[in-house]
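Containing CSV, C-alpha atoms: target05.csv.
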```csv
chain,number,residue,atom,x,y,z
A,143,MET,CA,53.5,149.7,119.6
A,144,PRO,CA,54.9,152.1,122.3
A,145,ARG,CA,53.0,153.1,125.4
A,146,ALA,CA,55.8,154.9,127.4
A,147,ASN,CA,55.3,158.3,129.0
A,148,VAL,CA,52.1,159.2,127.2
A,149,LYS,CA,49.3,159.9,129.6
A,150,ASP,CA,46.7,161.5,127.3
A,151,LYS,CA,44.8,158.8,125.4
A,152,ARG,CA,44.0,161.0,122.4
A,153,LYS,CA,47.7,162.1,122.0
A,154,GLN,CA,48.6,158.4,122.2
A,155,GLN,CA,46.1,157.6,119.4
A,156,LEU,CA,47.5,160.4,117.3
A,157,MET,CA,51.1,159.1,117.6
A,158,GLN,CA,49.9,155.6,116.9
A,159,ALA,CA,48.2,156.8,113.7
A,160,THR,CA,51.5,158.6,112.8
A,161,LEU,CA,53.4,155.4,113.2
A,162,ASP,CA,50.9,153.4,111.1
A,163,SER,CA,51.0,156.0,108.3
A,164,ILE,CA,54.8,156.1,108.3
A,165,ALA,CA,55.0,152.3,108.2
A,166,LYS,CA,52.6,152.3,105.2
A,167,ARG,CA,53.6,155.4,103.2
A,168,GLY,CA,57.0,156.5,104.5
A,169,LEU,CA,57.9,159.7,106.3
A,170,THR,CA,57.7,162.2,103.5
A,171,GLU,CA,54.4,161.0,102.1
A,172,THR,CA,52.7,161.0,105.5
A,173,THR,CA,50.4,164.0,105.9
A,174,ILE,CA,48.3,165.5,108.7
A,175,THR,CA,45.2,164.3,106.7
A,176,HIS,CA,46.4,160.7,106.8
A,177,ILE,CA,47.0,161.0,110.5
A,178,SER,CA,43.7,162.6,111.2
A,179,LYS,CA,41.8,159.9,109.3
A,180,GLY,CA,43.9,157.2,110.9
A,181,ALA,CA,43.2,158.4,114.4
A,182,GLY,CA,39.5,159.4,113.7
A,183,MET,CA,40.1,162.9,114.9
A,184,SER,CA,39.8,166.4,113.4
A,185,ARG,CA,42.7,168.6,112.4
A,186,GLY,CA,41.7,170.9,115.2
A,187,ILE,CA,42.5,168.2,117.8
A,188,ILE,CA,45.8,167.5,116.1
A,189,ASN,CA,46.7,171.2,116.3
A,190,PHE,CA,45.8,171.3,120.0
A,191,TYR,CA,48.5,168.7,120.7
A,192,PHE,CA,51.1,169.5,118.0
A,193,THR,CA,51.9,172.9,116.6
A,194,SER,CA,53.3,171.4,113.4
A,195,LYS,CA,53.9,168.1,111.5
A,196,GLU,CA,57.6,168.4,112.4
A,197,MET,CA,56.7,168.5,116.1
A,198,MET,CA,54.5,165.5,115.7
A,199,MET,CA,57.2,163.5,114.0
A,200,GLN,CA,59.8,164.4,116.6
A,201,GLU,CA,57.5,163.4,119.5
A,202,THR,CA,56.5,160.2,117.7
A,203,LEU,CA,60.2,159.2,117.2
A,204,GLN,CA,60.9,160.0,120.9
A,205,TRP,CA,57.9,157.8,121.9
A,206,LEU,CA,59.3,155.0,119.8
A,207,LEU,CA,62.8,155.4,121.3
A,208,GLU,CA,61.5,155.4,124.8
A,209,GLU,CA,59.7,152.2,124.2
A,210,TYR,CA,62.9,150.7,122.8
A,211,GLU,CA,64.9,151.7,125.9
A,212,ALA,CA,62.2,150.4,128.2
A,213,ALA,CA,62.4,147.0,126.4
A,214,TRP,CA,66.1,146.4,126.7
A,215,ARG,CA,66.3,147.8,130.2
A,216,SER,CA,63.6,145.4,131.3
A,217,ALA,CA,65.5,142.6,129.7
A,218,LEU,CA,68.6,143.5,131.7
A,219,GLU,CA,66.6,143.5,134.9
A,220,ARG,CA,65.5,139.9,134.1
A,221,ALA,CA,68.9,138.7,133.1
A,222,ASP,CA,70.5,135.9,135.0
A,223,ASP,CA,73.5,136.7,137.3
A,224,THR,CA,76.1,134.9,135.3
A,225,GLU,CA,79.1,136.8,133.8
A,226,GLN,CA,77.5,136.6,130.3
A,227,GLY,CA,73.9,136.9,131.4
A,228,ALA,CA,73.5,140.6,130.7
A,229,LEU,CA,75.1,140.3,127.3
A,230,ASN,CA,72.9,137.4,126.4
A,231,ALA,CA,69.8,139.3,127.5
A,232,LEU,CA,70.6,142.4,125.4
A,233,ILE,CA,71.1,140.2,122.3
A,234,ASP,CA,68.0,138.2,122.9
A,235,VAL,CA,65.6,141.2,123.3
A,236,HIS,CA,66.7,142.7,120.0
A,237,PHE,CA,65.4,139.7,118.2
A,238,SER,CA,62.2,139.3,120.2
A,239,LYS,CA,58.8,139.9,118.8
A,240,LYS,CA,58.6,143.0,120.9
A,241,LEU,CA,61.3,144.8,119.0
A,242,CYS,CA,61.9,142.8,115.8
A,243,TYR,CA,58.8,143.1,113.6
A,244,PRO,CA,58.1,144.7,110.2
A,245,LYS,CA,56.0,147.7,111.2
A,246,ARG,CA,58.4,148.9,113.8
A,247,LEU,CA,61.4,148.4,111.6
A,248,ASN,CA,59.7,150.2,108.7
A,249,VAL,CA,59.2,153.2,110.9
A,250,LEU,CA,62.8,153.1,112.2
A,251,THR,CA,64.3,152.9,108.8
A,252,ALA,CA,62.2,155.8,107.6
A,253,PHE,CA,63.6,158.0,110.4
A,254,TRP,CA,67.1,156.6,109.9
A,255,GLY,CA,66.9,157.7,106.2
A,256,HIS,CA,66.2,161.3,107.2
A,257,ALA,CA,68.5,161.5,110.3
A,258,ALA,CA,71.7,162.1,108.2
A,259,ALA,CA,70.3,165.4,106.9
A,260,HIS,CA,67.9,166.3,109.7
A,261,ALA,CA,69.7,167.3,112.9
A,262,PRO,CA,66.8,166.8,115.3
A,263,TYR,CA,66.3,163.2,114.4
A,264,ARG,CA,70.0,162.5,114.4
A,265,GLU,CA,70.3,164.0,117.9
A,266,GLN,CA,67.5,161.8,119.2
A,267,PHE,CA,69.1,158.7,117.7
A,268,ASP,CA,72.5,159.7,119.1
A,269,LYS,CA,71.2,159.9,122.7
A,270,SER,CA,69.3,156.6,122.4
A,271,ASP,CA,72.3,154.9,120.8
A,272,ALA,CA,74.7,156.2,123.5
A,273,LYS,CA,72.6,154.6,126.2
A,274,LEU,CA,72.4,151.2,124.5
A,275,GLN,CA,76.1,151.2,123.7
A,276,ASP,CA,76.9,152.1,127.3
A,277,ALA,CA,74.8,149.1,128.4
A,278,LEU,CA,76.6,146.8,125.9
A,279,ALA,CA,80.0,148.0,127.1
A,280,THR,CA,79.1,147.4,130.7
A,281,ALA,CA,77.8,143.9,129.9
A,282,TRP,CA,81.0,143.2,128.0
A,283,LYS,CA,83.2,144.3,130.9
A,284,LYS,CA,81.3,141.9,133.1
A,285,ALA,CA,81.9,139.0,130.7
A,286,SER,CA,85.5,140.0,130.2
A,287,PRO,CA,88.1,139.7,133.0
A,288,ARG,CA,90.0,142.7,131.6
A,289,GLY,CA,87.2,144.7,130.0
A,290,PHE,CA,89.5,145.6,127.1
A,291,GLY,CA,87.9,146.9,123.9
A,292,ALA,CA,84.5,147.4,125.5
A,293,GLU,CA,83.5,150.6,123.6
A,294,GLN,CA,84.6,149.1,120.3
A,295,PHE,CA,82.8,145.9,121.0
A,296,ALA,CA,79.6,147.8,121.8
A,297,ARG,CA,79.7,149.8,118.5
A,298,GLN,CA,80.3,146.6,116.6
A,299,VAL,CA,77.4,144.7,118.2
A,300,HIS,CA,75.1,147.8,117.8
A,301,ALA,CA,75.9,148.0,114.1
A,302,LEU,CA,75.4,144.2,113.7
A,303,ILE,CA,72.0,144.4,115.3
A,304,ARG,CA,70.9,147.2,112.9
A,305,GLY,CA,72.2,145.4,109.9
A,306,MET,CA,70.4,142.2,111.0
A,307,TRP,CA,67.1,144.2,111.5
A,308,LEU,CA,67.4,145.3,107.9
A,309,SER,CA,68.0,141.8,106.8
A,310,PHE,CA,64.9,140.6,108.6
A,311,LEU,CA,62.9,143.5,107.1
A,312,LEU,CA,64.1,142.9,103.5
A,313,GLY,CA,65.3,139.3,103.4
A,314,GLY,CA,62.0,137.4,103.1
A,315,LYS,CA,60.6,134.4,105.0
A,316,GLU,CA,63.9,132.6,105.1
A,317,VAL,CA,65.4,135.2,107.4
A,318,THR,CA,64.0,134.4,110.9
A,319,ARG,CA,64.4,136.1,114.3
A,320,GLU,CA,65.8,132.8,115.7
A,321,GLY,CA,68.4,132.5,113.0
A,322,LEU,CA,69.6,136.1,113.4
A,323,ASN,CA,69.7,135.7,117.2
A,324,GLN,CA,71.9,132.6,116.8
A,325,GLU,CA,74.2,134.4,114.4
A,326,ALA,CA,74.5,137.4,116.7
A,327,MET,CA,75.4,135.1,119.7
A,328,GLU,CA,78.0,133.3,117.6
A,329,PHE,CA,79.6,136.7,116.9
A,330,VAL,CA,79.7,137.4,120.6
A,331,ASN,CA,81.1,134.0,121.5
A,332,ARG,CA,83.9,134.3,118.9
A,333,HIS,CA,84.9,137.6,120.6
A,334,LEU,CA,84.7,135.9,124.0
A,335,GLN,CA,87.0,133.0,123.1
A,336,PRO,CA,90.3,134.9,123.8
A,337,VAL,CA,88.7,136.1,127.0
A,338,GLN,CA,88.0,132.5,128.1
A,339,MET,CA,91.6,131.6,127.3
A,340,VAL,CA,92.8,134.4,129.6
A,341,ARG,CA,90.6,132.9,132.4
A,342,GLY,CA,91.8,129.4,131.7
A,343,GLU,CA,88.4,128.2,130.7
A,344,PRO,CA,88.3,125.4,128.2
A,345,VAL,CA,87.9,126.5,124.6
A,346,ALA,CA,87.0,124.1,121.8
A,347,GLU,CA,90.3,123.2,120.1
A,348,VAL,CA,90.3,123.8,116.4
A,349,LYS,CA,92.4,121.1,114.8
A,350,PRO,CA,94.0,121.8,111.5
A,351,GLU,CA,93.0,119.5,108.7
A,352,GLN,CA,95.7,117.0,107.9
A,353,THR,CA,96.7,117.0,104.3
A,354,GLU,CA,98.9,114.4,102.6
A,355,VAL,CA,102.1,115.9,101.4
A,356,LYS,CA,103.4,114.3,98.3
A,357,ALA,CA,107.0,114.3,97.2
A,358,PRO,CA,107.7,116.1,94.0
A,359,ALA,CA,107.9,113.8,91.0
A,360,ALA,CA,111.4,113.1,89.7
A,361,ALA,CA,112.3,115.1,86.7
A,362,ALA,CA,112.6,113.0,83.4
A,363,PRO,CA,116.2,112.8,82.0
A,364,LYS,CA,116.8,115.3,79.3
A,365,PRO,CA,117.6,113.7,75.9
A,366,VAL,CA,121.2,113.9,74.7
A,367,ALA,CA,121.5,115.9,71.6
A,368,LYS,CA,123.2,114.1,68.7
A,369,PRO,CA,125.9,115.9,66.7
A,370,MET,CA,124.6,117.3,63.4
A,371,PRO,CA,126.4,116.4,60.2
A,372,PRO,CA,128.3,119.3,58.6
A,373,VAL,CA,126.3,121.2,56.1
A,374,SER,CA,127.9,122.1,52.9
A,375,THR,CA,127.2,125.5,51.4
A,376,PRO,CA,126.9,126.2,47.7
A,377,SER,CA,130.0,128.5,47.8
A,378,ALA,CA,132.1,125.7,49.4
A,379,SER,CA,131.0,123.2,46.7
A,380,LYS,CA,132.0,125.6,43.9
A,381,LYS,CA,135.5,126.1,45.4
A,382,LYS,CA,136.1,122.4,45.5
A,383,ALA,CA,135.0,122.0,41.9
A,384,LYS,CA,137.4,124.7,40.7
A,385,GLN,CA,140.3,123.1,42.7
A,386,ARG,CA,139.6,119.7,40.8
A,387,ASP,CA,139.6,121.5,37.5
A,388,VAL,CA,143.0,123.1,38.2
A,389,LEU,CA,144.5,119.8,39.2
A,390,ASP,CA,143.2,118.1,36.1
```
Can you present the structure in this file as structure tokens?
Amino acid sequence: MPRANVKDKRKQQLMQATLDSIAKRGLTETTITHISKGAGMSRGIINFYFTSKEMMMQETLQWLLEEYEAAWRSALERADDTEQGALNALIDVHFSKKLCYPKRLNVLTAFWGHAAAHAPYREQFDKSDAKLQDALATAWKKASPRGFGAEQFARQVHALIRGMWLSFLLGGKEVTREGLNQEAMEFVNRHLQPVQMVRGEPVAEVKPEQTEVKAPAAAAPKPVAKPMPPVSTPSASKKKAKQRDVLD
């Protein structure tokens, strides 16, 4: 779990115990007692570092987000110098064992669930998200000759990553990091195809399937209706009978 910007070992242990408890019980059910037992420290020591449970939760979330930022920035530094290198590195790190594992995702989803109604958490996420989306937009501009739609692309990829994290957390053993990484890269490559066409790079040609076109069957000739024989009505028969009687 995170190690960024925490110099005091005991404070680090307390925040680690907080993360463990949230992953196990959720945010609401986690108490100071759980954290105290998990860290093996008294409540007095907790009160020395944190004036309230809320302060502890905010600092723990900040610790988690700083570790997250450090991971993707490190991936950018190691990225190759190709046009798509930074973009590939940002995708890959999000599905690495460093960021994509159940305990961490459990904690993140717990904070996400409260962020909509709790302004401090939402502000922390907003700042973290803005940094990542800026990095994604910059990477897209490097991969794209025109850089069009960079901000929109960054939002889409960020939303895709979060959705795939949830899929990994809830989807069972059949959902793997490797599979999600491949799907995310396919999404990116589909967006890059029009860009490659602008550059004049070869793009795999998609040939339409050839289907046999059959001529419509000739319509069968309609049968010619035969004239119907005249139908004599009872009144007409009576008139003819009377006429014969008069003649007789």
**Message:** Let me make sure I understand: among A:Cys242, A:Ala213, A:Ala181, A:Ile164, which one has the smallest atom-to-atom distance to Lys151 in chain A if we use all atoms listed in the file?
**Reply:**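 Smallest distance to Lys151 in chain A is found for A:Ala181.
Take CA of Ala261 in chain A and CA of Met199 in chain A: the distance between them is 13.1 Å.
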**Asked** Hey, which of A:Thr280, A:Asn331, A:Thr251, A:Gln324 ends up closest to Gly168 in chain A? Count all atoms listed in the file.
**Response**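 Closest to Gly168 in chain A of all the choices is A:Thr251.
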**Asked** Of the candidates A:Ala285, A:Ser178, A:Leu334, A:Phe237, which one gets nearest to Val317 in chain A if we count all atoms listed in the file?
**Response** A:Phe237
**Item:** Gap from CA of Glu211 in chain A to CA of Glu265 in chain A - Å, one decimal
**Value:**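 If I compute the distance from CA of Glu211 in chain A to CA of Glu265 in chain A, I get 15.6 Å.
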**Prompt:** Can you tell me how far CA of Trp214 in chain A sits from CA of Leu229 in chain A, in Å to one decimal?
**Reply:**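 Answer for the CA of Trp214 in chain A to CA of Leu229 in chain A separation: 10.9 Å.
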**Message:** Counting all atoms listed in the file, which residue out of A:Val299, A:Ala252, A:Ala272, A:Ala258 sits closest to Arg167 in chain A?
**Reply:** A:Ala252
Can you list every residue of range 241-296 of chain A that has an atom at most 12 Å from range 216-223 of chain A, with its nearest atom pair and the distance in Å to one decimal, using all atoms listed in the file, ordered by chain then number, as a tab-separated table?
```
residue	atom	partner	partner_atom	distance
A:Leu241	CA	A:Ala217	CA	11.7
A:Leu274	CA	A:Leu218	CA	11.2
A:Ala277	CA	A:Leu218	CA	9.0
A:Leu278	CA	A:Leu218	CA	10.4
A:Thr280	CA	A:Leu218	CA	11.2
A:Ala281	CA	A:Leu218	CA	9.4
A:Lys284	CA	A:Asp223	CA	10.3
A:Ala285	CA	A:Asp223	CA	10.9
```
**Prompt:** Looking at A:Glu293, A:Glu201, A:Asp234, A:Asp162, which one is nearest to Gly321 in chain A, with distances taken over only C-alpha atoms?
**Reply:**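 That would be A:Asp234, the residue with the smallest distance to Gly321 in chain A.
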**Message:** Would you pick out the contacts of Arg185 in chain A at 9 Å or less, using all atoms listed in the file, so that residues sharing its chain but fewer than 6 positions from it are not included, and give the list as a list of chain:residue names?
**Reply:** A:Ile174, A:Thr175, A:Ile177, A:Ser178
Incomplete range 302-313 of chain A filled out to all heavy atoms as a PDB file, in the coordinates of the input:
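Result file follows (part-v7.pdb):
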```pdb
ATOM      1  N   LEU A 302      75.882 145.556 114.154  1.00  0.00           N
ATOM      2  CA  LEU A 302      75.400 144.200 113.700  1.00  0.00           C
ATOM      3  C   LEU A 302      73.933 144.075 113.897  1.00  0.00           C
ATOM      4  O   LEU A 302      73.241 143.558 113.005  1.00  0.00           O
ATOM      5  CB  LEU A 302      76.173 143.166 114.556  1.00  0.00           C
ATOM      6  CG  LEU A 302      75.793 141.707 114.284  1.00  0.00           C
ATOM      7  CD1 LEU A 302      76.289 141.278 112.912  1.00  0.00           C
ATOM      8  CD2 LEU A 302      76.369 140.794 115.363  1.00  0.00           C
ATOM      9  N   ILE A 303      73.405 144.532 115.021  1.00  0.00           N
ATOM     10  CA  ILE A 303      72.000 144.400 115.300  1.00  0.00           C
ATOM     11  C   ILE A 303      71.174 145.201 114.231  1.00  0.00           C
ATOM     12  O   ILE A 303      70.196 144.698 113.668  1.00  0.00           O
ATOM     13  CB  ILE A 303      71.645 144.946 116.695  1.00  0.00           C
ATOM     14  CG1 ILE A 303      72.168 143.963 117.747  1.00  0.00           C
ATOM     15  CG2 ILE A 303      70.142 145.154 116.867  1.00  0.00           C
ATOM     16  CD1 ILE A 303      72.124 144.490 119.163  1.00  0.00           C
ATOM     17  N   ARG A 304      71.604 146.419 113.935  1.00  0.00           N
ATOM     18  CA  ARG A 304      70.900 147.200 112.900  1.00  0.00           C
ATOM     19  C   ARG A 304      70.925 146.547 111.562  1.00  0.00           C
ATOM     20  O   ARG A 304      69.927 146.532 110.838  1.00  0.00           O
ATOM     21  CB  ARG A 304      71.478 148.620 112.864  1.00  0.00           C
ATOM     22  CG  ARG A 304      71.060 149.508 114.026  1.00  0.00           C
ATOM     23  CD  ARG A 304      71.460 150.948 113.787  1.00  0.00           C
ATOM     24  NE  ARG A 304      70.870 151.835 114.765  1.00  0.00           N
ATOM     25  CZ  ARG A 304      71.049 153.147 114.778  1.00  0.00           C
ATOM     26  NH1 ARG A 304      71.811 153.718 113.862  1.00  0.00           N
ATOM     27  NH2 ARG A 304      70.479 153.899 115.695  1.00  0.00           N
ATOM     28  N   GLY A 305      72.083 146.034 111.211  1.00  0.00           N
ATOM     29  CA  GLY A 305      72.200 145.400 109.900  1.00  0.00           C
ATOM     30  C   GLY A 305      71.291 144.124 109.860  1.00  0.00           C
ATOM     31  O   GLY A 305      70.658 143.848 108.835  1.00  0.00           O
ATOM     32  N   MET A 306      71.206 143.398 110.958  1.00  0.00           N
ATOM     33  CA  MET A 306      70.400 142.200 111.000  1.00  0.00           C
ATOM     34  C   MET A 306      68.878 142.579 110.981  1.00  0.00           C
ATOM     35  O   MET A 306      68.054 141.850 110.416  1.00  0.00           O
ATOM     36  CB  MET A 306      70.697 141.364 112.215  1.00  0.00           C
ATOM     37  CG  MET A 306      72.016 140.626 112.086  1.00  0.00           C
ATOM     38  SD  MET A 306      72.355 139.556 113.498  1.00  0.00           S
ATOM     39  CE  MET A 306      73.682 138.538 112.825  1.00  0.00           C
ATOM     40  N   TRP A 307      68.530 143.689 111.605  1.00  0.00           N
ATOM     41  CA  TRP A 307      67.100 144.200 111.500  1.00  0.00           C
ATOM     42  C   TRP A 307      66.761 144.438 110.061  1.00  0.00           C
ATOM     43  O   TRP A 307      65.670 144.071 109.618  1.00  0.00           O
ATOM     44  CB  TRP A 307      66.980 145.434 112.348  1.00  0.00           C
ATOM     45  CG  TRP A 307      66.693 145.186 113.800  1.00  0.00           C
ATOM     46  CD1 TRP A 307      66.419 143.989 114.397  1.00  0.00           C
ATOM     47  CD2 TRP A 307      66.641 146.167 114.838  1.00  0.00           C
ATOM     48  NE1 TRP A 307      66.204 144.166 115.745  1.00  0.00           N
ATOM     49  CE2 TRP A 307      66.327 145.495 116.042  1.00  0.00           C
ATOM     50  CE3 TRP A 307      66.823 147.541 114.870  1.00  0.00           C
ATOM     51  CZ2 TRP A 307      66.193 146.151 117.262  1.00  0.00           C
ATOM     52  CZ3 TRP A 307      66.694 148.211 116.083  1.00  0.00           C
ATOM     53  CH2 TRP A 307      66.380 147.520 117.263  1.00  0.00           C
ATOM     54  N   LEU A 308      67.656 145.084 109.328  1.00  0.00           N
ATOM     55  CA  LEU A 308      67.400 145.300 107.900  1.00  0.00           C
ATOM     56  C   LEU A 308      67.277 144.037 107.135  1.00  0.00           C
ATOM     57  O   LEU A 308      66.449 143.906 106.227  1.00  0.00           O
ATOM     58  CB  LEU A 308      68.487 146.221 107.319  1.00  0.00           C
ATOM     59  CG  LEU A 308      68.474 147.695 107.724  1.00  0.00           C
ATOM     60  CD1 LEU A 308      69.698 148.408 107.163  1.00  0.00           C
ATOM     61  CD2 LEU A 308      67.202 148.381 107.237  1.00  0.00           C
ATOM     62  N   SER A 309      68.116 143.077 107.478  1.00  0.00           N
ATOM     63  CA  SER A 309      68.000 141.800 106.800  1.00  0.00           C
ATOM     64  C   SER A 309      66.703 141.108 107.085  1.00  0.00           C
ATOM     65  O   SER A 309      66.107 140.509 106.183  1.00  0.00           O
ATOM     66  CB  SER A 309      69.192 140.885 107.331  1.00  0.00           C
ATOM     67  OG  SER A 309      69.140 139.607 106.742  1.00  0.00           O
ATOM     68  N   PHE A 310      66.211 141.223 108.308  1.00  0.00           N
ATOM     69  CA  PHE A 310      64.900 140.600 108.600  1.00  0.00           C
ATOM     70  C   PHE A 310      63.790 141.355 107.875  1.00  0.00           C
ATOM     71  O   PHE A 310      62.848 140.720 107.391  1.00  0.00           O
ATOM     72  CB  PHE A 310      64.658 140.764 110.147  1.00  0.00           C
ATOM     73  CG  PHE A 310      63.325 140.230 110.595  1.00  0.00           C
ATOM     74  CD1 PHE A 310      63.120 138.866 110.720  1.00  0.00           C
ATOM     75  CD2 PHE A 310      62.282 141.092 110.893  1.00  0.00           C
ATOM     76  CE1 PHE A 310      61.882 138.364 111.126  1.00  0.00           C
ATOM     77  CE2 PHE A 310      61.046 140.603 111.301  1.00  0.00           C
ATOM     78  CZ  PHE A 310      60.847 139.233 111.419  1.00  0.00           C
ATOM     79  N   LEU A 311      63.919 142.666 107.740  1.00  0.00           N
ATOM     80  CA  LEU A 311      62.900 143.500 107.100  1.00  0.00           C
ATOM     81  C   LEU A 311      62.839 143.176 105.574  1.00  0.00           C
ATOM     82  O   LEU A 311      61.762 143.119 104.972  1.00  0.00           O
ATOM     83  CB  LEU A 311      63.136 144.947 107.319  1.00  0.00           C
ATOM     84  CG  LEU A 311      62.109 145.937 106.758  1.00  0.00           C
ATOM     85  CD1 LEU A 311      60.740 145.707 107.379  1.00  0.00           C
ATOM     86  CD2 LEU A 311      62.571 147.366 107.010  1.00  0.00           C
ATOM     87  N   LEU A 312      64.000 142.978 104.960  1.00  0.00           N
ATOM     88  CA  LEU A 312      64.100 142.900 103.500  1.00  0.00           C
ATOM     89  C   LEU A 312      64.368 141.468 102.991  1.00  0.00           C
ATOM     90  O   LEU A 312      64.247 141.218 101.794  1.00  0.00           O
ATOM     91  CB  LEU A 312      65.175 143.820 102.982  1.00  0.00           C
ATOM     92  CG  LEU A 312      65.048 145.297 103.374  1.00  0.00           C
ATOM     93  CD1 LEU A 312      66.269 146.072 102.900  1.00  0.00           C
ATOM     94  CD2 LEU A 312      63.777 145.909 102.805  1.00  0.00           C
ATOM     95  N   GLY A 313      64.748 140.566 103.883  1.00  0.00           N
ATOM     96  CA  GLY A 313      65.300 139.300 103.400  1.00  0.00           C
ATOM     97  C   GLY A 313      64.243 138.213 103.122  1.00  0.00           C
ATOM     98  O   GLY A 313      64.602 137.145 102.624  1.00  0.00           O
TER      99      GLY A 313
END
```
